[in-house]
$ cat coords-v6.txt   # compact mmCIF, C-alpha atoms
# COMPACT_ATOMS: atom_id res chain seq x y z
CA MET V 1 -4.51 -36.49 -0.46
CA THR V 2 -6.79 -34.10 -2.37
CA LYS V 3 -10.18 -33.04 -1.08
CA ILE V 4 -12.81 -31.22 -3.12
CA TYR V 5 -15.41 -29.02 -1.43
CA CYS V 6 -18.52 -28.45 -3.57
CA ALA V 7 -21.26 -25.87 -2.99
CA ARG V 8 -24.07 -24.11 -4.81
CA TRP V 9 -21.84 -21.03 -4.99
CA VAL V 10 -18.10 -20.45 -4.90
CA LEU V 11 -17.07 -16.81 -4.43
CA PRO V 12 -13.34 -16.43 -5.14
CA ILE V 13 -13.60 -12.64 -4.44
CA THR V 14 -10.87 -11.76 -6.97
CA ASP V 15 -13.00 -13.32 -9.71
CA GLY V 16 -16.69 -13.66 -10.42
CA PRO V 17 -19.06 -16.02 -8.59
CA ILE V 18 -19.21 -19.64 -9.74
CA ARG V 19 -22.55 -21.44 -9.66
CA ASP V 20 -22.20 -25.11 -8.70
CA GLY V 21 -18.55 -24.55 -7.95
CA ALA V 22 -15.77 -26.44 -6.22
CA VAL V 23 -12.48 -25.84 -4.44
CA ALA V 24 -9.77 -28.53 -4.42
CA VAL V 25 -7.37 -28.62 -1.48
CA GLU V 26 -4.04 -30.45 -1.40
CA GLY V 27 -2.17 -30.30 1.87
CA THR V 28 -2.16 -26.70 3.07
CA ARG V 29 -2.87 -25.10 -0.32
CA ILE V 30 -5.64 -24.55 -2.84
CA ALA V 31 -5.07 -26.80 -5.83
CA GLY V 32 -8.00 -25.73 -7.99
CA VAL V 33 -11.05 -23.46 -8.13
CA GLY V 34 -13.83 -23.57 -10.71
CA PRO V 35 -17.06 -25.24 -11.82
CA ARG V 36 -17.58 -28.56 -10.12
CA ALA V 37 -17.37 -30.60 -13.31
CA GLU V 38 -14.02 -29.10 -14.27
CA VAL V 39 -12.46 -29.46 -10.81
CA SER V 40 -13.71 -33.05 -10.49
CA GLU V 41 -12.21 -33.90 -13.88
CA ARG V 42 -8.83 -32.49 -12.81
CA PHE V 43 -8.81 -34.52 -9.59
CA PRO V 44 -10.73 -37.74 -10.33
CA SER V 45 -9.50 -39.64 -7.27
CA ALA V 46 -10.14 -36.84 -4.76
CA GLU V 47 -12.44 -37.15 -1.77
CA VAL V 48 -15.55 -35.04 -2.38
CA GLU V 49 -17.54 -33.15 0.24
CA GLU V 50 -21.00 -31.89 -0.72
CA LEU V 51 -21.97 -28.71 1.11
CA GLY V 52 -25.23 -28.17 -0.75
CA GLU V 53 -27.06 -24.83 -0.58
CA ALA V 54 -24.08 -22.90 0.68
CA ALA V 55 -21.44 -20.41 -0.38
CA LEU V 56 -17.72 -21.20 -0.29
CA LEU V 57 -15.50 -18.16 0.04
CA PRO V 58 -12.11 -17.18 1.46
CA GLY V 59 -11.73 -17.32 5.22
CA PHE V 60 -12.58 -14.05 6.94
CA VAL V 61 -9.72 -11.80 8.06
CA ASN V 62 -10.27 -9.97 11.35
CA CYS V 63 -7.63 -7.25 11.06
CA HIS V 64 -7.98 -5.90 14.57
CA THR V 65 -8.98 -7.58 17.79
CA HIS V 66 -7.83 -8.16 21.37
CA LEU V 67 -8.51 -11.83 22.11
CA GLU V 68 -7.11 -11.63 25.64
CA LEU V 69 -10.05 -9.36 26.57
CA THR V 70 -12.76 -11.86 25.63
CA ALA V 71 -13.53 -12.47 29.32
CA MET V 72 -14.55 -8.78 29.53
CA ARG V 73 -17.51 -9.13 27.17
CA GLY V 74 -20.13 -6.80 28.71
CA PHE V 75 -17.92 -6.11 31.74
CA LEU V 76 -17.15 -2.51 30.78
CA GLU V 77 -20.61 -1.30 29.79
CA PRO V 78 -20.89 1.29 32.60
CA GLU V 79 -17.74 3.07 31.41
CA GLU V 80 -18.58 3.23 27.71
CA GLY V 81 -19.70 6.86 27.89
CA ASP V 82 -16.26 7.86 29.16
CA PHE V 83 -13.44 6.55 26.97
CA PHE V 84 -10.72 7.53 29.43
CA ALA V 85 -12.45 5.66 32.27
CA TRP V 86 -13.07 2.73 29.93
CA LEU V 87 -9.36 2.51 29.07
CA ARG V 88 -8.35 2.70 32.73
CA LYS V 89 -10.71 -0.12 33.69
CA VAL V 90 -9.52 -2.32 30.81
CA THR V 91 -5.90 -1.82 31.80
CA ALA V 92 -6.42 -2.29 35.53
CA SER V 93 -8.62 -5.36 35.10
CA ARG V 94 -6.22 -7.06 32.72
CA ASN V 95 -3.04 -6.25 34.64
CA GLU V 96 -4.28 -6.69 38.21
CA ARG V 97 -7.09 -9.26 38.05
CA MET V 98 -6.16 -11.70 35.30
CA SER V 99 -3.43 -14.29 35.59
CA SER V 100 -1.44 -15.52 32.61
CA GLU V 101 -3.68 -18.60 32.50
CA ASP V 102 -6.81 -16.41 32.63
CA LEU V 103 -5.48 -14.48 29.64
CA TYR V 104 -4.84 -17.73 27.76
CA VAL V 105 -8.37 -19.01 28.47
CA SER V 106 -9.83 -15.65 27.46
CA ALA V 107 -7.86 -15.63 24.20
CA ALA V 108 -8.64 -19.28 23.47
CA TRP V 109 -12.37 -18.66 23.93
CA GLY V 110 -12.04 -15.71 21.57
CA ALA V 111 -10.37 -18.03 19.07
CA VAL V 112 -13.27 -20.49 19.44
CA GLU V 113 -15.73 -17.71 18.69
CA ALA V 114 -13.66 -16.61 15.69
CA ALA V 115 -13.43 -20.12 14.21
CA ARG V 116 -17.16 -20.64 14.65
CA ALA V 117 -17.80 -17.38 12.75
CA GLY V 118 -15.57 -18.22 9.79
CA VAL V 119 -12.56 -16.15 10.83
CA THR V 120 -9.36 -17.84 9.71
CA CYS V 121 -6.86 -15.02 10.28
CA VAL V 122 -6.59 -12.39 13.02
CA GLY V 123 -4.50 -9.33 13.69
CA ASP V 124 -4.36 -9.35 17.47
CA ALA V 125 -3.11 -6.43 19.55
CA SER V 126 -1.83 -8.00 22.76
CA ASP V 127 -0.29 -6.82 25.98
CA SER V 128 0.31 -10.35 27.29
CA GLY V 129 1.78 -11.78 24.08
CA ALA V 130 2.64 -15.39 24.92
CA PRO V 131 -0.85 -16.53 26.10
CA VAL V 132 -2.43 -15.20 22.89
CA MET V 133 0.17 -16.85 20.67
CA ARG V 134 -0.43 -20.13 22.50
CA ALA V 135 -4.20 -19.77 22.11
CA LEU V 136 -3.96 -19.19 18.36
CA ARG V 137 -1.59 -22.13 17.96
CA ASP V 138 -3.92 -24.42 19.91
CA ALA V 139 -6.97 -23.25 17.94
CA GLY V 140 -5.23 -23.71 14.59
CA LEU V 141 -5.91 -20.17 13.41
CA ARG V 142 -3.62 -17.98 11.35
CA GLY V 143 -2.60 -14.68 12.89
CA VAL V 144 -0.17 -11.94 13.71
CA VAL V 145 0.14 -11.15 17.41
CA TYR V 146 1.24 -7.53 17.74
CA GLN V 147 3.01 -7.15 21.07
CA GLU V 148 1.97 -3.81 22.53
CA ALA V 149 4.40 -1.21 23.83
CA PHE V 150 3.59 1.89 25.86
CA GLY V 151 5.49 4.94 27.06
CA PRO V 152 4.10 8.49 26.85
CA ASP V 153 6.91 10.00 28.99
CA ALA V 154 9.80 10.91 26.69
CA THR V 155 12.27 11.08 29.60
CA VAL V 156 12.15 7.30 30.03
CA ALA V 157 11.89 6.37 26.34
CA ALA V 158 15.18 4.46 26.28
CA GLY V 159 14.15 2.24 29.19
CA GLN V 160 10.72 1.57 27.69
CA PHE V 161 12.34 0.64 24.39
CA ASP V 162 14.62 -1.86 26.13
CA LYS V 163 11.60 -3.48 27.81
CA ALA V 164 9.76 -3.78 24.50
CA ARG V 165 12.79 -5.27 22.75
CA GLU V 166 13.26 -7.85 25.53
CA LYS V 167 9.59 -8.89 25.26
CA ILE V 168 9.90 -9.39 21.52
CA GLU V 169 13.08 -11.44 21.90
CA ARG V 170 11.37 -13.72 24.44
CA LEU V 171 8.33 -14.22 22.21
CA ARG V 172 10.21 -15.09 19.04
CA SER V 173 10.45 -18.77 19.98
CA GLY V 174 6.66 -19.05 19.95
CA GLU V 175 6.31 -18.30 16.25
CA THR V 176 5.05 -20.94 13.81
CA PRO V 177 4.24 -20.88 10.09
CA LEU V 178 0.70 -19.81 11.04
CA VAL V 179 1.25 -17.63 14.12
CA THR V 180 3.79 -14.86 13.79
CA LEU V 181 4.88 -11.91 15.88
CA GLY V 182 4.46 -8.20 15.28
CA LEU V 183 5.00 -4.99 17.24
CA SER V 184 2.37 -2.48 18.30
CA PRO V 185 3.41 0.88 19.70
CA HIS V 186 -0.04 1.24 21.22
CA SER V 187 -1.09 4.63 19.87
CA PRO V 188 0.13 8.16 19.14
CA TYR V 189 -1.26 9.30 22.50
CA THR V 190 0.38 6.59 24.65
CA VAL V 191 3.81 6.48 23.02
CA ALA V 192 6.13 9.50 23.08
CA PRO V 193 7.47 10.55 19.65
CA ALA V 194 11.05 9.62 20.60
CA LEU V 195 9.98 6.11 21.67
CA LEU V 196 7.82 5.78 18.58
CA GLU V 197 10.81 6.44 16.35
CA MET V 198 12.92 3.84 18.17
CA LEU V 199 10.21 1.20 18.03
CA THR V 200 9.61 1.82 14.33
CA ARG V 201 13.30 1.48 13.46
CA PHE V 202 13.46 -1.73 15.49
CA ALA V 203 10.41 -3.15 13.71
CA VAL V 204 11.88 -2.38 10.30
CA ASP V 205 15.29 -3.80 11.20
CA GLU V 206 13.75 -6.98 12.63
CA ARG V 207 11.19 -7.31 9.82
CA LEU V 208 8.33 -7.18 12.31
CA PRO V 209 4.86 -6.16 11.09
CA LEU V 210 3.82 -2.91 12.78
CA MET V 211 0.35 -2.03 14.05
CA MET V 212 -1.07 0.99 15.91
CA HIS V 213 -4.37 2.40 17.07
CA ALA V 214 -4.63 5.78 15.34
CA ALA V 215 -7.01 8.69 14.82
CA GLU V 216 -9.59 6.97 17.00
CA SER V 217 -11.05 9.49 19.44
CA GLU V 218 -11.69 13.14 20.19
CA ALA V 219 -9.41 12.87 23.24
CA GLU V 220 -6.53 11.63 21.07
CA GLN V 221 -7.12 14.43 18.56
CA ALA V 222 -7.07 17.07 21.31
CA LEU V 223 -3.75 15.81 22.65
CA LEU V 224 -2.03 15.49 19.27
CA THR V 225 -3.28 18.67 17.64
CA GLU V 226 -3.56 21.02 20.63
CA GLY V 227 -1.53 19.45 23.43
CA GLY V 228 -4.64 19.54 25.63
CA GLY V 229 -7.62 17.51 26.73
CA ILE V 230 -8.07 14.69 29.22
CA PHE V 231 -4.91 12.78 28.26
CA ALA V 232 -2.74 15.88 28.68
CA ALA V 233 -4.30 16.50 32.11
CA ALA V 234 -3.72 12.88 33.15
CA TYR V 235 -0.07 13.02 32.11
CA ALA V 236 0.43 16.31 33.96
CA LEU V 237 -0.85 14.63 37.13
CA ARG V 238 1.79 11.94 36.60
CA GLY V 239 4.47 14.62 36.48
CA PHE V 240 5.36 14.98 32.81
CA ALA V 241 4.17 16.78 29.70
CA PHE V 242 3.44 14.91 26.47
CA ASP V 243 5.41 16.24 23.50
CA ALA V 244 2.45 17.03 21.24
CA PRO V 245 3.26 17.34 17.52
CA HIS V 246 0.40 19.81 16.87
CA THR V 247 -0.79 17.96 13.81
CA THR V 248 -3.16 15.12 12.99
CA PRO V 249 -2.30 11.61 14.18
CA VAL V 250 -1.69 10.35 10.63
CA ARG V 251 0.54 13.30 9.69
CA HIS V 252 2.42 12.75 12.94
CA LEU V 253 3.00 9.09 12.07
CA ALA V 254 4.27 10.15 8.67
CA SER V 255 6.69 12.67 10.19
CA VAL V 256 8.32 10.17 12.57
CA GLY V 257 8.64 7.45 9.93
CA VAL V 258 5.89 5.08 11.05
CA LEU V 259 4.09 5.17 7.70
CA ASP V 260 7.31 4.17 5.94
CA ALA V 261 6.98 0.80 7.71
CA ARG V 262 3.62 0.19 5.98
CA PRO V 263 1.82 -0.24 9.31
CA LEU V 264 -1.67 -1.51 10.00
CA LEU V 265 -3.63 1.34 11.60
CA ALA V 266 -6.77 0.53 13.58
CA HIS V 267 -9.79 2.86 13.48
CA CYS V 268 -8.75 5.95 11.44
CA VAL V 269 -12.04 7.61 12.34
CA ARG V 270 -10.69 11.17 12.41
CA VAL V 271 -8.87 11.45 9.10
CA ASP V 272 -9.13 14.08 6.37
CA GLY V 273 -8.28 14.03 2.68
CA GLU V 274 -4.58 14.67 3.23
CA ASP V 275 -4.40 11.90 5.84
CA ILE V 276 -6.04 9.46 3.41
CA ARG V 277 -3.60 10.49 0.68
CA LEU V 278 -0.69 9.72 3.01
CA LEU V 279 -2.15 6.33 3.89
CA LYS V 280 -2.47 5.42 0.22
CA GLU V 281 0.95 6.84 -0.71
CA HIS V 282 2.75 4.81 1.95
CA GLY V 283 0.76 1.60 1.49
CA ALA V 284 -0.45 1.64 5.09
CA GLY V 285 -3.33 -0.67 5.97
CA VAL V 286 -6.50 0.39 7.78
CA ALA V 287 -8.51 -1.85 10.12
CA HIS V 288 -12.02 -0.44 9.92
CA CYS V 289 -13.90 -1.19 13.17
CA PRO V 290 -17.34 0.37 12.64
CA LYS V 291 -19.24 -1.29 15.48
CA SER V 292 -16.62 -0.58 18.14
CA ASN V 293 -16.23 2.99 16.89
CA ALA V 294 -19.99 3.51 17.16
CA LYS V 295 -20.43 1.76 20.51
CA LEU V 296 -17.71 3.85 22.15
CA GLY V 297 -19.09 7.03 20.59
CA HIS V 298 -16.01 7.80 18.50
CA GLY V 299 -17.84 8.38 15.24
CA ARG V 300 -17.67 6.87 11.77
CA ALA V 301 -14.57 6.47 9.62
CA PRO V 302 -14.88 7.73 6.00
CA LEU V 303 -14.91 4.25 4.50
CA ALA V 304 -15.96 5.17 0.96
CA ALA V 305 -13.37 7.96 0.73
CA MET V 306 -10.61 5.60 1.81
CA LEU V 307 -11.69 2.94 -0.69
CA GLU V 308 -12.08 5.51 -3.47
CA ALA V 309 -8.54 6.73 -2.80
CA GLY V 310 -7.20 3.19 -3.11
CA ALA V 311 -6.25 2.76 0.55
CA LEU V 312 -5.86 -0.82 1.83
CA VAL V 313 -8.87 -1.34 4.09
CA GLY V 314 -10.04 -4.44 5.96
CA LEU V 315 -12.47 -5.05 8.80
CA GLY V 316 -11.79 -5.47 12.49
CA SER V 317 -14.11 -6.44 15.31
CA ASP V 318 -11.91 -4.81 17.96
CA SER V 319 -12.28 -6.61 21.28
CA VAL V 320 -15.59 -8.04 22.42
CA ALA V 321 -15.18 -5.68 25.38
CA SER V 322 -16.16 -2.89 22.99
CA ASN V 323 -18.16 -4.78 20.36
CA ASN V 324 -19.57 -7.78 22.23
CA VAL V 325 -19.26 -10.20 19.31
CA CYS V 326 -16.60 -11.32 16.86
CA ASP V 327 -18.78 -11.72 13.76
CA LEU V 328 -17.30 -10.30 10.57
CA LEU V 329 -20.42 -10.92 8.49
CA GLU V 330 -22.31 -8.74 10.94
CA GLU V 331 -19.42 -6.25 10.93
CA SER V 332 -19.51 -6.04 7.13
CA ARG V 333 -23.26 -5.39 7.18
CA PHE V 334 -22.86 -2.66 9.79
CA ALA V 335 -20.04 -1.06 7.79
CA LEU V 336 -22.12 -1.06 4.63
CA LEU V 337 -25.30 0.27 6.23
CA ALA V 338 -23.45 2.99 8.14
CA SER V 339 -21.79 4.12 4.93
CA ARG V 340 -25.10 4.23 3.09
CA ALA V 341 -26.83 6.02 5.97
CA ALA V 342 -24.18 8.75 5.73
CA GLY V 343 -24.78 9.08 1.98
CA GLU V 344 -21.27 7.98 1.05
CA THR V 345 -20.55 7.10 -2.57
CA VAL V 346 -17.61 6.05 -4.69
CA ALA V 347 -16.89 6.63 -8.40
CA GLY V 348 -19.97 7.40 -10.46
CA GLY V 349 -22.08 8.13 -7.39
CA ARG V 350 -22.39 4.45 -6.52
CA ALA V 351 -23.12 3.43 -2.96
CA LEU V 352 -21.05 0.59 -1.52
CA ASP V 353 -22.65 -2.79 -2.14
CA ALA V 354 -22.52 -6.37 -0.85
CA ASN V 355 -19.57 -7.26 -3.07
CA ASP V 356 -17.59 -4.38 -1.56
CA ALA V 357 -18.44 -5.70 1.90
CA LEU V 358 -17.29 -9.25 1.09
CA ARG V 359 -14.07 -7.87 -0.34
CA LEU V 360 -13.44 -5.93 2.88
CA LEU V 361 -13.73 -8.99 5.10
CA THR V 362 -11.48 -11.18 2.92
CA HIS V 363 -9.16 -9.74 0.28
CA GLY V 364 -9.19 -6.27 1.86
CA GLY V 365 -8.20 -7.58 5.26
CA ALA V 366 -5.39 -9.69 3.84
CA SER V 367 -4.11 -6.69 1.88
CA ALA V 368 -4.26 -4.39 4.91
CA MET V 369 -2.19 -6.93 6.88
CA ASN V 370 0.30 -7.45 4.03
CA MET V 371 -0.76 -11.10 3.79
CA ARG V 372 -2.01 -11.33 0.21
CA HIS V 373 0.76 -13.82 -0.51
CA ALA V 374 -1.03 -16.31 1.75
CA THR V 375 -4.74 -15.62 2.04
CA GLY V 376 -7.69 -13.37 1.19
CA SER V 377 -9.06 -15.04 -1.95
CA LEU V 378 -9.70 -18.46 -3.46
CA GLU V 379 -6.83 -18.75 -5.90
CA GLU V 380 -4.76 -21.74 -6.89
CA GLY V 381 -1.50 -21.75 -4.94
CA LEU V 382 -2.72 -19.70 -1.98
CA GLU V 383 -3.11 -21.20 1.48
CA ALA V 384 -6.34 -23.18 1.84
CA ASP V 385 -8.14 -20.77 4.18
CA LEU V 386 -11.84 -21.04 3.37
CA VAL V 387 -15.28 -20.88 4.90
CA ALA V 388 -18.63 -22.37 3.95
CA VAL V 389 -21.80 -20.47 4.88
CA ARG V 390 -25.25 -21.99 4.54
CA LEU V 391 -27.79 -20.13 2.38
CA ASP V 392 -30.95 -22.18 3.02
CA ALA V 393 -32.09 -21.03 6.47
CA ALA V 394 -35.47 -19.34 6.95
CA HIS V 395 -33.85 -15.93 7.31
CA GLN V 396 -31.93 -16.38 4.04
CA THR V 397 -34.56 -17.92 1.76
CA PRO V 398 -35.00 -17.06 -1.07
CA ALA V 399 -31.38 -16.17 -1.87
CA TYR V 400 -31.41 -14.52 -5.30
CA ASP V 401 -27.83 -13.28 -5.06
CA PRO V 402 -25.20 -15.01 -2.90
CA ALA V 403 -23.28 -11.85 -1.99
CA ALA V 404 -26.44 -10.03 -0.90
CA ALA V 405 -27.66 -13.09 1.02
CA LEU V 406 -24.34 -13.31 2.88
CA VAL V 407 -24.04 -9.64 3.80
CA PHE V 408 -27.65 -8.65 4.41
CA SER V 409 -29.20 -11.89 5.69
CA SER V 410 -26.43 -13.94 7.28
CA SER V 411 -24.24 -13.98 10.36
CA GLY V 412 -21.44 -16.03 11.83
CA ARG V 413 -24.05 -18.45 13.16
CA ASP V 414 -24.66 -19.61 9.58
CA VAL V 415 -21.09 -20.85 9.12
CA LEU V 416 -20.91 -24.58 8.39
CA LEU V 417 -17.19 -25.10 7.96
CA THR V 418 -13.95 -23.22 8.66
CA VAL V 419 -10.67 -24.42 7.14
CA VAL V 420 -7.23 -22.97 7.90
CA ALA V 421 -4.24 -24.09 5.80
CA GLY V 422 -6.21 -27.16 4.75
CA ARG V 423 -7.18 -28.16 8.31
CA GLU V 424 -10.83 -28.20 9.33
CA VAL V 425 -10.95 -26.23 12.59
CA PHE V 426 -14.75 -25.97 12.74
CA ARG V 427 -17.34 -28.36 11.33
CA ASP V 428 -20.53 -30.15 12.36
CA GLY V 429 -21.27 -27.45 14.91
CA ARG V 430 -18.08 -27.75 16.93
CA VAL V 431 -14.51 -26.53 17.01
CA THR V 432 -12.29 -29.53 16.33
CA THR V 433 -9.07 -28.22 17.87
CA LEU V 434 -10.07 -27.26 21.41
CA ASP V 435 -12.23 -28.65 24.22
CA GLU V 436 -15.02 -26.08 24.20
CA GLU V 437 -16.76 -27.27 27.35
CA ASP V 438 -13.58 -27.19 29.40
CA LEU V 439 -12.73 -23.73 28.08
CA ARG V 440 -16.24 -22.46 28.75
CA ALA V 441 -16.06 -23.55 32.40
CA ARG V 442 -12.63 -21.97 32.86
CA LEU V 443 -13.74 -18.74 31.18
CA LEU V 444 -16.81 -18.45 33.40
CA ASP V 445 -14.61 -19.00 36.45
CA ALA V 446 -12.33 -16.15 35.33
CA ALA V 447 -15.38 -13.96 34.68
CA ARG V 448 -16.77 -14.62 38.17
CA ARG V 449 -13.48 -13.52 39.67
CA LEU V 450 -13.45 -10.41 37.51
CA ALA V 451 -16.99 -9.52 38.54
CA GLY V 452 -16.26 -10.21 42.19
CA ALA V 453 -13.33 -7.82 42.16
CA ALA V 454 -15.21 -5.05 40.34
$ encode --input "coords-v6.txt" --output "structure tokens"
Amino acid sequence: MTKIYCARWVLPITDGPIRDGAVAVEGTRIAGVGPRAEVSERFPSAEVEELGEAALLPGFVNCHTHLELTAMRGFLEPEEGDFFAWLRKVTASRNERMSSEDLYVSAAWGAVEAARAGVTCVGDASDSGAPVMRALRDAGLRGVVYQEAFGPDATVAAGQFDKAREKIERLRSGETPLVTLGLSPHSPYTVAPALLEMLTRFAVDERLPLMMHAAESEAEQALLTEGGGIFAAAYALRGFAFDAPHTTPVRHLASVGVLDARPLLAHCVRVDGEDIRLLKEHGAGVAHCPKSNAKLGHGRAPLAAMLEAGALVGLGSDSVASNNVCDLLEESRFALLASRAAGETVAGGRALDANDALRLLTHGGASAMNMRHATGSLEEGLEADLVAVRLDAAHQTPAYDPAAALVFSSSGRDVLLTVVAGREVFRDGRVTTLDEEDLRARLLDAARRLAGAA
């Protein structure tokens, strides 16, 4: 059965905009993209859906998030001025106050929010693993769940590696064509170099996508480059010294072989020209999380410099515990405005524009996650991951240019339709795959228990 979606604009991203365009979907894949008349002629017996004054574009790729933390939206505000205290509260709250079912409900509600906002693919960093994989499967989203691993004490690296390997082996059975497993050595400051090398070799041998938080904060930089700061002091209190490499986080990852695995690196706020060159040279992806970086006071990643160098950059919301919303249209606008406010330019002195922003949240994200074979643009043969966004609301009218209207005037609340692998997971104002009211009640119950224990 073929279905044709028609809209005022079709934005393939890897090609120019199409006025009065159409996208034909057969099964899980895109069968045709072009002007409506041409697509209709190719598929004369197809069912046709008229979306009207809207833009059809590839589904949004959220390269970096933590869906299991959705129940903590706004819960950590008092600690946001102290990153170390913020991290401790996240960890303690998740590990001590949330059951496996709470984590599932939290992740499933995050998936609901994502689907409503046009996100079709997520790169999720997860400590719990199985509940998040289940939530993505139930929601019908595409994603890679990167199972986190920790271990800053080099003296117990072998034992920590065994634990991580056992977790991965248990989770393998939960993979599907849409939801796959990855590995996330959490960060250069929470994983000892010896453990990092072991985890990287394991990921390469097992063909597991690799993801890390990297070059995110001043505290991380102090530990890696100087062997000092708050993380070093905390580790000393626990009775061990962290083996600091005395170089930047990105150079450290290059020296221990992580970059050879073409990892996805979240944040990359504190990177210099040599770091960016290494990222490009190794084909590493970057999940740019501008709102989370700003909210936690970490600074601003050099987006234009990374793009100018040819690095693979996508957008990430990070968790709603540090961003408060999963809305990639809003994230793209923030990224663009922050870049312009800093006076960043690319070749020819050009400031980043709305087309750059749309590329970041679609094609760029898929490239950063090594998923261009499946998603990221509207091209015949790719998976049918697409989103329709209205363009006729009061805050969007008049819409002279669809890209500008999407980035500067729109948000996730303007999404009309979200399709993943040909399946409509959000339409007519509701998620079709999950019982939102039941999930809402269960999430609020988990939140009350979190608040009561605070």
$ atom_distance --input "coords-v6.txt" --atom1 "atom CA of V:Asp414" --atom2 "atom CA of V:Leu141"
19.1 Å
$ residues_around --input "coords-v6.txt" --residues "stretch 298-304 of chain V" --least-positions-apart "5" --cutoff "8 Å" --atoms "all atoms listed in the file" --output "list in words"
Glu216, Ser217, Glu218, His267, Cys268, Val269, Arg270, Val271, His288, Pro290, Asn293, Ala338, Ser339, Glu344, Thr345, Val346 and Leu352 of chain V
$ residues_around --input "coords-v6.txt" --residues "stretch 173-175 of chain V" --least-positions-apart "3" --cutoff "8 Å" --atoms "only C-alpha atoms" --output "PyMOL selection string"
chain V and resi 130+133-134+170+178-181
$ axis_aligned_box --input "coords-v6.txt" --around "stretch 377-386 of chain V" --padding-each-side "8 Å" --output "JSON"
{"center_x": -6.7, "center_y": -19.1, "center_z": -1.4, "size_x": 26.3, "size_y": 24.1, "size_z": 27.1}
$ atom_distance --input "coords-v6.txt" --atom1 "atom CA of V:Gly429" --atom2 "atom CA of V:Ile30"
23.8 Å
$ closest_residue --input "coords-v6.txt" --among "V:Thr14, V:Arg423, V:Val23, V:Leu76" --to "V:Ala451" --atoms "all atoms listed in the file"
V:Leu76
$ atom_distance --input "coords-v6.txt" --atom1 "atom CA of V:Ala266" --atom2 "atom CA of V:His64"
6.6 Å
$ residues_near_point --input "coords-v6.txt" --point "(-20.2, -23.1, 3.1)" --cutoff "12 Å" --atoms "only C-alpha atoms" --output "JSON, numbers by chain"
{"V": [5, 6, 7, 8, 9, 10, 11, 21, 22, 23, 49, 50, 51, 52, 53, 54, 55, 56, 57, 58, 59, 117, 118, 386, 387, 388, 389, 390, 391, 392, 402, 406, 410, 412, 413, 414, 415, 416, 417, 418, 419, 426, 427, 428]}
$ closest_residue --input "coords-v6.txt" --among "V:Lys89, V:Leu199, V:Val144, V:Ala194" --to "V:Lys163" --atoms "only C-alpha atoms"
V:Leu199
$ residues_around --input "coords-v6.txt" --residues "V:Leu296" --least-positions-apart "5" --cutoff "12 Å" --atoms "all atoms listed in the file" --output "list in words"
Leu76, Glu77, Pro78, Glu79, Glu80, Gly81, Asp82, Phe83, Phe84, Ala85, Trp86, Leu87, Glu216, Ser217, Glu218, His267, Val269, Cys289, Pro290, Lys291, Asp318, Ser319, Ala321, Ser322, Asn323 and Asn324 of chain V
$ closest_residue --input "coords-v6.txt" --among "V:Cys63, V:Ile18, V:Leu183, V:Leu195" --to "V:Leu312" --atoms "all atoms listed in the file"
V:Cys63
$ closest_residue --input "coords-v6.txt" --among "V:Gly123, V:Gly34, V:Gly452, V:Gly239" --to "V:Gln147" --atoms "all atoms listed in the file"
V:Gly123
$ closest_residue --input "coords-v6.txt" --among "V:Ala31, V:Ala354, V:Leu443, V:Ala139" --to "V:Asp401" --atoms "only C-alpha atoms"
V:Ala354
$ residues_around --input "coords-v6.txt" --residues "V:Glu226" --least-positions-apart "4" --cutoff "10 Å" --atoms "only C-alpha atoms" --output "PyMOL selection string"
chain V and resi 220-222+232+244-248
$ closest_residue --input "coords-v6.txt" --among "V:Asp153, V:Thr375, V:Phe242, V:Gly283" --to "V:His363" --atoms "all atoms listed in the file"
V:Thr375
$ residues_around --input "coords-v6.txt" --residues "V:Phe161" --least-positions-apart "2" --cutoff "10 Å" --atoms "only C-alpha atoms" --output "list in words"
Ala149, Phe150, Gly151, Val156, Ala157, Ala158, Gly159, Lys163, Ala164, Arg165, Glu166, Lys167, Ala194, Leu195, Leu196, Met198, Leu199 and Phe202 of chain V
$ write_last_selection --input "coords-v6.txt" --atoms "C-alpha atoms" --output "compact mmCIF listing (two decimals), keeping the file's coordinate frame"
# COMPACT_ATOMS: atom_id res chain seq x y z
CA ALA V 149 4.40 -1.21 23.83
CA PHE V 150 3.59 1.89 25.86
CA GLY V 151 5.49 4.94 27.06
CA VAL V 156 12.15 7.30 30.03
CA ALA V 157 11.89 6.37 26.34
CA ALA V 158 15.18 4.46 26.28
CA GLY V 159 14.15 2.24 29.19
CA LYS V 163 11.60 -3.48 27.81
CA ALA V 164 9.76 -3.78 24.50
CA ARG V 165 12.79 -5.27 22.75
CA GLU V 166 13.26 -7.85 25.53
CA LYS V 167 9.59 -8.89 25.26
CA ALA V 194 11.05 9.62 20.60
CA LEU V 195 9.98 6.11 21.67
CA LEU V 196 7.82 5.78 18.58
CA MET V 198 12.92 3.84 18.17
CA LEU V 199 10.21 1.20 18.03
CA PHE V 202 13.46 -1.73 15.49
$ residues_near_point --input "coords-v6.txt" --point "(-17.3, -12.4, 24.3)" --cutoff "6 Å" --atoms "all atoms listed in the file" --output "list in words"
Thr70, Arg73, Val320, Asn324 and Val325 of chain V
